[in-house]
$ cat work12.csv   # CSV, C-alpha atoms
chain,number,residue,atom,x,y,z
A,1,MET,CA,143.1,58.8,106.4
A,2,MET,CA,139.5,59.1,105.4
A,3,LEU,CA,137.8,60.4,102.3
A,4,LEU,CA,136.3,63.8,103.0
A,5,PRO,CA,132.6,64.4,102.2
A,6,PHE,CA,132.4,65.1,98.5
A,7,GLU,CA,130.8,68.5,99.3
A,8,THR,CA,134.2,69.6,100.7
A,9,VAL,CA,136.0,68.5,97.5
A,10,VAL,CA,133.6,70.6,95.4
A,11,ARG,CA,134.0,73.6,97.7
A,12,THR,CA,137.8,73.3,97.8
A,13,HIS,CA,138.5,72.6,94.1
A,14,GLY,CA,135.5,74.0,92.3
A,15,ARG,CA,137.3,77.2,91.3
A,16,THR,CA,140.4,75.5,90.0
A,17,VAL,CA,138.4,73.1,88.0
A,18,LEU,CA,136.4,76.0,86.5
A,19,ARG,CA,139.7,77.7,85.5
A,20,VAL,CA,140.8,74.6,83.7
A,21,CYS,CA,137.4,74.2,82.0
A,22,LEU,CA,137.4,77.9,80.9
A,23,SER,CA,140.9,77.7,79.6
A,24,VAL,CA,140.5,74.5,77.6
A,25,ALA,CA,136.8,74.7,76.6
A,26,GLY,CA,136.1,78.5,76.5
A,27,ALA,CA,133.3,80.3,78.2
A,28,ASP,CA,130.5,78.7,76.2
A,29,ASP,CA,131.3,75.2,77.2
A,30,ALA,CA,133.1,75.6,80.5
A,31,ASP,CA,129.9,75.0,82.6
A,32,ASP,CA,129.1,71.8,80.9
A,33,ALA,CA,132.7,70.6,81.3
A,34,TRP,CA,132.6,71.6,85.0
A,35,SER,CA,129.4,69.6,85.6
A,36,GLU,CA,130.7,66.6,83.6
A,37,THR,CA,134.0,66.7,85.7
A,38,PHE,CA,132.3,66.6,89.1
A,39,LEU,CA,129.6,64.1,88.1
A,40,SER,CA,132.3,61.7,86.8
A,41,ALA,CA,134.5,62.4,89.9
A,42,LEU,CA,131.5,61.8,92.2
A,43,ASP,CA,130.9,58.4,90.5
A,44,ALA,CA,134.5,57.3,91.0
A,45,TYR,CA,135.1,59.0,94.4
A,46,PRO,CA,134.4,56.1,96.8
A,47,ARG,CA,137.1,54.1,95.1
A,48,LEU,CA,139.7,56.8,95.2
A,49,PRO,CA,142.6,55.9,97.6
A,50,ALA,CA,142.3,58.1,100.7
A,51,ASP,CA,145.9,59.4,100.2
A,52,ALA,CA,145.3,60.3,96.6
A,53,ASN,CA,146.2,63.9,95.4
A,54,VAL,CA,142.6,65.0,94.8
A,55,GLU,CA,143.5,68.2,93.0
A,56,ALA,CA,145.7,66.5,90.4
A,57,TRP,CA,143.0,63.9,90.0
A,58,LEU,CA,140.3,66.5,89.4
A,59,VAL,CA,142.4,68.7,87.2
A,60,THR,CA,143.2,65.7,85.0
A,61,ILE,CA,139.5,64.7,84.7
A,62,ALA,CA,138.6,68.4,84.0
A,63,ARG,CA,141.0,68.7,81.1
A,64,ARG,CA,139.7,65.5,79.5
A,65,LYS,CA,136.1,66.4,80.0
A,66,ALA,CA,136.7,69.9,78.6
A,67,ILE,CA,138.2,68.5,75.5
A,68,ASP,CA,135.4,66.0,75.2
A,69,VAL,CA,132.7,68.7,75.5
A,70,VAL,CA,134.4,70.8,72.8
A,71,ARG,CA,134.8,67.9,70.5
A,72,ALA,CA,131.2,67.0,70.9
A,73,ARG,CA,130.3,70.4,69.6
A,74,GLY,CA,132.5,69.9,66.6
A,75,ARG,CA,134.9,72.7,67.5
A,76,ARG,CA,138.6,72.6,68.2
A,77,PRO,CA,139.7,73.0,71.8
A,78,VAL,CA,141.0,76.4,72.7
A,79,THR,CA,144.7,76.4,71.8
A,80,VAL,CA,147.0,76.6,74.9
A,81,GLU,CA,150.2,78.6,74.9
A,82,ARG,CA,152.2,75.4,74.5
A,83,LEU,CA,151.0,71.8,74.6
A,84,PRO,CA,152.3,69.5,77.3
A,85,GLU,CA,155.6,68.0,76.1
A,86,GLU,CA,154.6,64.4,76.4
A,87,PRO,CA,151.3,62.6,76.4
A,88,SER,CA,149.8,62.1,79.9
A,89,THR,CA,149.9,58.6,81.2
A,90,LEU,CA,147.2,59.5,83.7
A,91,GLY,CA,144.1,57.5,83.6
A,92,ILE,CA,140.6,58.7,84.3
A,93,PRO,CA,137.9,57.0,86.4
A,94,GLY,CA,136.8,53.8,84.7
A,95,ALA,CA,140.1,53.5,82.8
A,96,LEU,CA,142.1,50.3,82.7
A,97,ASP,CA,143.5,49.2,86.1
A,98,ASP,CA,147.1,49.5,85.1
A,99,GLU,CA,146.4,52.9,83.7
A,100,ARG,CA,144.8,53.9,86.9
A,101,ALA,CA,147.7,52.5,88.9
A,102,ALA,CA,150.0,54.6,86.7
A,103,ALA,CA,147.9,57.6,87.4
A,104,GLU,CA,148.1,57.0,91.1
A,105,THR,CA,151.9,56.7,90.9
A,106,VAL,CA,152.2,60.0,89.1
A,107,ALA,CA,149.7,61.7,91.4
A,108,ARG,CA,151.6,60.5,94.5
A,109,ALA,CA,154.9,61.7,93.0
A,110,VAL,CA,153.3,65.0,92.2
A,111,SER,CA,152.0,65.4,95.7
A,112,ALA,CA,155.5,65.0,97.1
A,113,LEU,CA,156.8,68.1,95.2
A,114,PRO,CA,157.3,71.4,97.0
A,115,GLY,CA,154.2,73.7,96.9
A,116,LYS,CA,154.8,75.9,93.8
A,117,GLN,CA,156.3,73.1,91.7
A,118,ARG,CA,153.4,70.9,92.6
A,119,GLN,CA,150.8,73.5,91.6
A,120,ALA,CA,152.7,74.5,88.4
A,121,VAL,CA,152.9,70.9,87.3
A,122,THR,CA,149.3,70.2,88.1
A,123,TYR,CA,147.8,73.2,86.5
A,124,HIS,CA,150.1,73.2,83.4
A,125,TYR,CA,150.8,69.6,82.6
A,126,LEU,CA,147.6,68.0,84.0
A,127,GLY,CA,145.2,70.9,83.6
A,128,GLY,CA,146.6,72.3,80.4
A,129,LEU,CA,146.6,75.9,81.7
A,130,PRO,CA,149.0,78.3,80.0
A,131,TYR,CA,151.8,79.6,82.2
A,132,GLN,CA,150.3,83.0,82.4
A,133,GLU,CA,147.1,81.6,84.1
A,134,VAL,CA,149.2,79.3,86.3
A,135,ALA,CA,151.0,82.5,87.5
A,136,ASP,CA,147.6,84.1,88.2
A,137,ILE,CA,146.7,81.3,90.5
A,138,ILE,CA,150.0,80.7,92.3
A,139,GLY,CA,151.4,84.2,92.2
A,140,GLY,CA,154.6,85.5,90.8
A,141,THR,CA,155.6,86.0,87.2
A,142,THR,CA,154.9,83.8,84.1
A,143,ASP,CA,158.6,83.0,83.9
A,144,ALA,CA,158.6,81.9,87.5
A,145,ALA,CA,155.7,79.6,86.9
A,146,ARG,CA,157.5,78.2,83.9
A,147,ARG,CA,160.6,77.6,85.9
A,148,ALA,CA,158.6,76.0,88.8
A,149,ALA,CA,157.0,73.6,86.3
A,150,ALA,CA,160.3,72.7,84.7
A,151,ASP,CA,161.9,72.1,88.1
A,152,GLY,CA,158.9,70.0,89.1
A,153,ILE,CA,159.2,67.9,85.9
A,154,SER,CA,163.0,67.4,86.5
A,155,ALA,CA,162.2,66.2,90.1
A,156,LEU,CA,159.5,63.9,88.8
A,157,ARG,CA,161.9,62.4,86.3
A,158,ARG,CA,164.4,61.7,89.1
A,159,THR,CA,161.8,60.3,91.6
A,160,MET,CA,160.1,58.2,89.0
A,161,GLY,CA,163.3,56.8,87.6
A,162,ALA,CA,162.8,58.0,84.1
A,163,ARG,CA,165.7,58.5,81.8
A,164,PRO,CA,166.6,62.1,81.3
B,1,MET,CA,138.4,85.5,91.0
B,2,THR,CA,135.5,87.8,91.7
B,3,ASP,CA,132.2,87.5,93.7
B,4,ASP,CA,130.5,86.8,90.3
B,5,THR,CA,132.5,83.6,90.2
B,6,THR,CA,131.3,82.7,93.7
B,7,LEU,CA,127.7,83.2,92.6
B,8,HIS,CA,128.4,81.3,89.4
B,9,LEU,CA,129.9,78.4,91.4
B,10,GLU,CA,126.8,78.3,93.6
B,11,GLU,CA,124.7,77.9,90.4
B,12,LEU,CA,127.0,75.2,89.1
B,13,HIS,CA,126.8,73.4,92.5
B,14,THR,CA,123.0,73.4,92.4
B,15,ARG,CA,123.0,72.0,89.0
B,16,LEU,CA,125.6,69.3,90.1
B,17,ALA,CA,123.4,68.2,93.0
B,18,GLN,CA,120.4,67.9,90.6
B,19,GLY,CA,122.5,65.9,88.1
B,20,ALA,CA,123.8,63.7,90.8
B,21,GLN,CA,120.3,63.0,92.0
B,22,ASP,CA,119.1,62.2,88.5
B,23,ALA,CA,122.1,59.9,87.9
B,24,GLY,CA,121.5,58.0,91.2
B,25,LEU,CA,124.9,59.2,92.6
B,26,LEU,CA,123.6,61.4,95.5
B,27,ASP,CA,124.0,58.9,98.3
B,28,ILE,CA,123.6,61.5,101.0
B,29,ALA,CA,121.9,64.9,100.6
B,30,TYR,CA,121.9,67.4,103.4
B,31,ARG,CA,120.7,70.8,104.4
B,32,THR,CA,120.5,72.9,107.5
B,33,VAL,CA,117.4,74.5,109.1
B,34,ASP,CA,116.9,77.0,111.9
B,35,SER,CA,114.9,75.9,114.9
B,36,PRO,CA,114.0,77.0,118.4
B,37,VAL,CA,116.7,74.6,119.7
B,38,GLY,CA,119.4,76.0,117.3
B,39,GLU,CA,120.5,75.2,113.8
B,40,LEU,CA,119.9,71.6,112.8
B,41,LEU,CA,121.5,69.5,110.1
B,42,LEU,CA,119.3,67.1,108.2
B,43,ALA,CA,120.7,64.4,106.1
B,44,ALA,CA,119.0,61.7,104.0
B,45,THR,CA,119.9,58.7,101.8
B,46,GLU,CA,117.6,57.6,99.0
B,47,ARG,CA,115.9,55.4,101.7
B,48,GLY,CA,115.1,58.1,104.2
B,49,ILE,CA,116.4,60.5,106.8
B,50,VAL,CA,119.7,59.1,108.1
B,51,ARG,CA,120.8,61.8,110.5
B,52,ILE,CA,119.5,64.8,112.4
B,53,ALA,CA,122.2,66.7,114.3
B,54,PHE,CA,122.4,69.6,116.7
B,55,HIS,CA,124.8,72.5,116.1
B,56,ARG,CA,126.8,71.7,119.2
B,57,GLU,CA,127.7,68.2,117.7
B,58,GLY,CA,129.7,70.0,115.0
B,59,PHE,CA,128.3,69.7,111.5
B,60,ASP,CA,131.7,69.0,110.0
B,61,ASP,CA,132.3,66.1,112.3
B,62,VAL,CA,128.8,64.8,111.6
B,63,LEU,CA,129.3,64.9,107.8
B,64,GLN,CA,132.7,63.3,108.1
B,65,THR,CA,131.1,60.4,110.1
B,66,LEU,CA,128.4,60.0,107.4
B,67,SER,CA,131.1,60.1,104.7
B,68,THR,CA,133.1,57.3,106.5
B,69,LYS,CA,130.2,55.1,107.7
B,70,VAL,CA,127.6,55.4,105.0
B,71,SER,CA,129.1,57.0,101.8
B,72,PRO,CA,131.5,59.8,100.8
B,73,ARG,CA,129.1,60.8,98.0
B,74,VAL,CA,127.7,63.7,100.1
B,75,LEU,CA,126.4,66.9,98.7
B,76,ARG,CA,124.4,69.9,100.1
B,77,SER,CA,121.1,69.5,98.4
B,78,PRO,CA,117.9,70.8,100.1
B,79,ALA,CA,115.3,69.2,97.8
B,80,ARG,CA,115.4,65.7,99.4
B,81,LEU,CA,114.9,67.2,102.8
B,82,ASP,CA,111.9,69.4,102.0
B,83,ALA,CA,109.3,67.2,103.6
B,84,ALA,CA,111.5,66.7,106.8
B,85,ALA,CA,112.1,70.5,107.1
B,86,THR,CA,108.3,71.1,106.7
B,87,GLU,CA,107.3,68.5,109.3
B,88,LEU,CA,109.9,69.8,111.8
B,89,GLU,CA,108.7,73.3,111.3
B,90,GLN,CA,105.1,72.2,112.1
B,91,TYR,CA,106.4,70.3,115.1
B,92,PHE,CA,108.1,73.3,116.5
B,93,GLU,CA,104.9,75.4,115.9
B,94,GLY,CA,103.0,72.8,118.0
B,95,LYS,CA,101.0,71.8,115.0
B,96,ARG,CA,102.4,68.3,114.6
B,97,ARG,CA,102.5,65.4,117.2
B,98,GLY,CA,104.2,62.7,115.1
B,99,PHE,CA,106.4,62.4,112.0
B,100,ASP,CA,105.5,60.7,108.8
B,101,LEU,CA,109.0,60.4,107.2
B,102,PRO,CA,110.9,57.4,105.8
B,103,LEU,CA,113.9,56.7,108.2
B,104,ASP,CA,117.2,55.1,107.4
B,105,PHE,CA,118.8,53.5,110.5
B,106,SER,CA,122.1,52.7,108.8
B,107,LEU,CA,124.0,54.4,111.7
B,108,SER,CA,122.5,52.2,114.4
B,109,HIS,CA,122.9,48.5,115.2
B,110,GLY,CA,121.9,45.8,117.6
B,111,PHE,CA,120.4,46.7,121.0
B,112,ARG,CA,120.7,50.4,120.3
B,113,ARG,CA,118.8,50.1,117.1
B,114,ALA,CA,116.1,48.0,119.0
B,115,VAL,CA,115.8,50.7,121.6
B,116,GLN,CA,115.5,53.5,119.1
B,117,GLY,CA,112.7,51.5,117.4
B,118,ILE,CA,110.8,51.5,120.7
B,119,LEU,CA,111.1,55.3,121.4
B,120,PRO,CA,108.5,56.4,119.0
B,121,THR,CA,105.9,54.5,121.0
B,122,ILE,CA,106.3,57.0,123.8
B,123,ALA,CA,103.4,59.3,123.0
B,124,TYR,CA,103.8,63.1,122.3
B,125,GLY,CA,103.6,65.0,125.6
B,126,SER,CA,104.4,62.0,127.8
B,127,THR,CA,107.7,60.7,129.1
B,128,ALA,CA,109.2,57.3,130.1
B,129,SER,CA,112.1,56.4,132.4
B,130,TYR,CA,115.3,54.7,131.2
B,131,ALA,CA,114.1,51.7,133.3
B,132,GLN,CA,110.7,51.6,131.6
B,133,VAL,CA,112.3,51.7,128.1
B,134,ALA,CA,114.8,48.9,129.2
B,135,ALA,CA,111.8,46.8,130.3
B,136,ALA,CA,110.0,47.5,127.0
B,137,ALA,CA,113.1,46.4,125.2
B,138,GLY,CA,113.0,43.1,127.0
B,139,SER,CA,116.1,43.7,129.1
B,140,PRO,CA,114.9,45.4,132.3
B,141,ARG,CA,118.5,45.6,133.7
B,142,ALA,CA,119.9,47.3,130.6
B,143,MET,CA,119.3,50.9,131.8
B,144,ARG,CA,122.8,52.0,131.0
B,145,ALA,CA,122.6,50.5,127.5
B,146,VAL,CA,119.3,52.4,127.0
B,147,GLY,CA,121.1,55.5,128.1
B,148,SER,CA,123.7,54.9,125.4
B,149,ALA,CA,121.1,54.1,122.8
B,150,CYS,CA,119.5,57.5,123.6
B,151,ALA,CA,122.8,59.3,123.6
B,152,THR,CA,123.7,57.9,120.2
B,153,ASN,CA,120.3,58.3,118.6
B,154,PRO,CA,121.1,59.4,115.0
B,155,LEU,CA,117.6,60.8,114.5
B,156,PRO,CA,116.7,63.0,117.6
B,157,LEU,CA,113.3,64.8,117.5
B,158,VAL,CA,111.9,62.3,115.0
B,159,VAL,CA,112.9,59.4,117.2
B,160,PRO,CA,111.9,61.1,120.5
B,161,CYS,CA,114.8,60.3,122.9
B,162,HIS,CA,114.0,63.6,124.6
B,163,ARG,CA,111.0,61.9,126.2
B,164,VAL,CA,113.2,59.5,128.2
B,165,LEU,CA,114.0,60.7,131.8
B,166,ARG,CA,115.7,59.3,134.9
B,167,THR,CA,113.4,57.4,137.3
B,168,ASP,CA,113.5,60.3,139.7
B,169,GLY,CA,112.2,62.6,136.9
B,170,SER,CA,115.4,64.5,136.3
B,171,LEU,CA,116.5,65.1,132.7
B,172,GLY,CA,119.4,62.7,132.3
B,173,GLY,CA,121.4,63.6,129.2
B,174,TYR,CA,120.7,64.9,125.7
B,175,ALA,CA,122.9,65.3,122.6
B,176,GLY,CA,121.3,68.6,121.9
B,177,GLY,CA,122.0,69.8,125.5
B,178,LEU,CA,119.7,69.7,128.5
B,179,GLU,CA,118.3,73.2,127.7
B,180,ALA,CA,117.0,71.8,124.4
B,181,LYS,CA,115.6,68.7,126.0
B,182,SER,CA,113.8,70.8,128.5
B,183,ALA,CA,112.5,73.1,125.8
B,184,LEU,CA,111.1,70.2,123.8
B,185,LEU,CA,109.3,68.7,126.8
B,186,HIS,CA,107.9,72.1,127.6
B,187,LEU,CA,106.7,72.6,124.0
B,188,GLU,CA,105.0,69.2,124.0
B,189,SER,CA,103.3,69.8,127.4
B,190,ALA,CA,102.0,73.2,126.3
B,191,ALA,CA,100.6,72.2,123.0
$ encode --input "work12.csv" --output "structure tokens"
Amino acid sequence: MMLLPFETVVRTHGRTVLRVCLSVAGADDADDAWSETFLSALDAYPRLPADANVEAWLVTIARRKAIDVVRARGRRPVTVERLPEEPSTLGIPGALDDERAAAETVARAVSALPGKQRQAVTYHYLGGLPYQEVADIIGGTTDAARRAAADGISALRRTMGARP
Amino acid sequence: MTDDTTLHLEELHTRLAQGAQDAGLLDIAYRTVDSPVGELLLAATERGIVRIAFHREGFDDVLQTLSTKVSPRVLRSPARLDAAATELEQYFEGKRRGFDLPLDFSLSHGFRRAVQGILPTIAYGSTASYAQVAAAAGSPRAMRAVGSACATNPLPLVVPCHRVLRTDGSLGGYAGGLEAKSALLHLESAA
């Protein structure tokens, strides 16, 4: 496996990252968050393992950057429908090595989920998108998106050996 | 999302490329240009032009090779290639006989690199045989290796491998296709 040219990464995931930025930072700050996300990702990209889940990685960075941009303006982040149930253990580029290793473990487990579960977990738990927007992207109803995310989380708990 | 979003993403992309350049993160910038020998891809590192490719080589494959062999920090960004695009345009109009561009030979090594270094000494409008180039490189029997060096030239046009022919005057090979090679020789003999 080889890393794709970063141009392909931007073309493939630019839209999803913009959705996360819009959802978390709002229209005024989404552009700055998008730019910060891809600049930060470009910096770290050569060190990304070639089998990493690029979408989960980007969405996680996007959420963090969107929150940073909003905080820098002294506003509160746009409230999401429901906050993720547990703090993310995902690292971001430049984070401690064990944190990064944990992030890679999670990302790998997430990639192994079936399509809709993978997307629902990525967009809701890593990206902070409300279920209604998750449903807009993956199709189907809001309830179906919620169920897919819940099923995905259950599967992750099993594969990662967490206690129920 | 809508077409507005597509346009907006283009603007964001342009801004990203500029930001990457300013932050020293744009390892490879590329763009495409139209030419009489078909669409060309031009790519440059901060040191200079690193790759010129013909459409028939497959731009996706060319970019993947750059990503793997040089750096995956690759973005479409025309600004760094402005001078190259202008000089190539002048060349195709018959108004330029040599190039004045910084070159980055990161993709070439050893004997091939040495041969590619010799090629610009073949003057505009003239040709040399594979045997003559081999002799000039100090290895008169290495005609096949000279052929490989021409075939793998990462910087065609600017490094004029199209001016190298078989001893009998036939065209030999060309990454851009024999039609392109012939068109370039014709352009140079007419100007």
$ closest_atom_pairs --input "work12.csv" --of "chain A" --to "chain B" --cutoff "8 Å" --atoms "all atoms listed in the file" --output "Markdown table"
| residue | atom | partner | partner_atom | distance |
| --- | --- | --- | --- | --- |
| A:Met2 | CA | B:Thr68 | CA | 6.7 |
| A:Leu3 | CA | B:Pro72 | CA | 6.5 |
| A:Leu4 | CA | B:Gln64 | CA | 6.3 |
| A:Pro5 | CA | B:Pro72 | CA | 4.9 |
| A:Phe6 | CA | B:Val74 | CA | 5.2 |
| A:Glu7 | CA | B:Leu75 | CA | 4.7 |
| A:Val10 | CA | B:His13 | CA | 7.9 |
| A:Gly14 | CA | B:Leu9 | CA | 7.2 |
| A:Arg15 | CA | B:Leu9 | CA | 7.5 |
| A:Asp31 | CA | B:Leu12 | CA | 7.1 |
| A:Trp34 | CA | B:Leu12 | CA | 7.8 |
| A:Ser35 | CA | B:Leu16 | CA | 5.9 |
| A:Phe38 | CA | B:Leu16 | CA | 7.3 |
| A:Leu39 | CA | B:Ala20 | CA | 6.4 |
| A:Leu42 | CA | B:Arg73 | CA | 6.4 |
| A:Asp43 | CA | B:Leu25 | CA | 6.4 |
| A:Tyr45 | CA | B:Arg73 | CA | 7.2 |
| A:Pro46 | CA | B:Pro72 | CA | 6.2 |
$ residues_around --input "work12.csv" --residues "A:Thr142" --least-positions-apart "3" --cutoff "10 Å" --atoms "only C-alpha atoms" --output "number ranges by chain"
A: 130-136, 139, 145-148
$ residues_around --input "work12.csv" --residues "A:Asn53" --least-positions-apart "6" --cutoff "9 Å" --atoms "only C-alpha atoms" --output "list in words"
Glu104, Ala107, Arg108, Val110 and Ser111 of chain A
$ write_last_selection --input "work12.csv" --atoms "C-alpha atoms" --output "JSON list (two decimals), keeping the file's coordinate frame"
[["chain", "number", "residue", "atom", "x", "y", "z"],
["A", 104, "GLU", "CA", 148.10, 57.00, 91.10],
["A", 107, "ALA", "CA", 149.70, 61.70, 91.40],
["A", 108, "ARG", "CA", 151.60, 60.50, 94.50],
["A", 110, "VAL", "CA", 153.30, 65.00, 92.20],
["A", 111, "SER", "CA", 152.00, 65.40, 95.70]]
$ closest_residue --input "work12.csv" --among "A:Ala50, A:Leu129, A:Ala25, A:Ala149" --to "A:Gly115" --atoms "all atoms listed in the file"
A:Ala149
$ closest_residue --input "work12.csv" --among "B:Val37, B:Tyr130, B:Pro156, B:Ala149" --to "B:Gly172" --atoms "only C-alpha atoms"
B:Tyr130
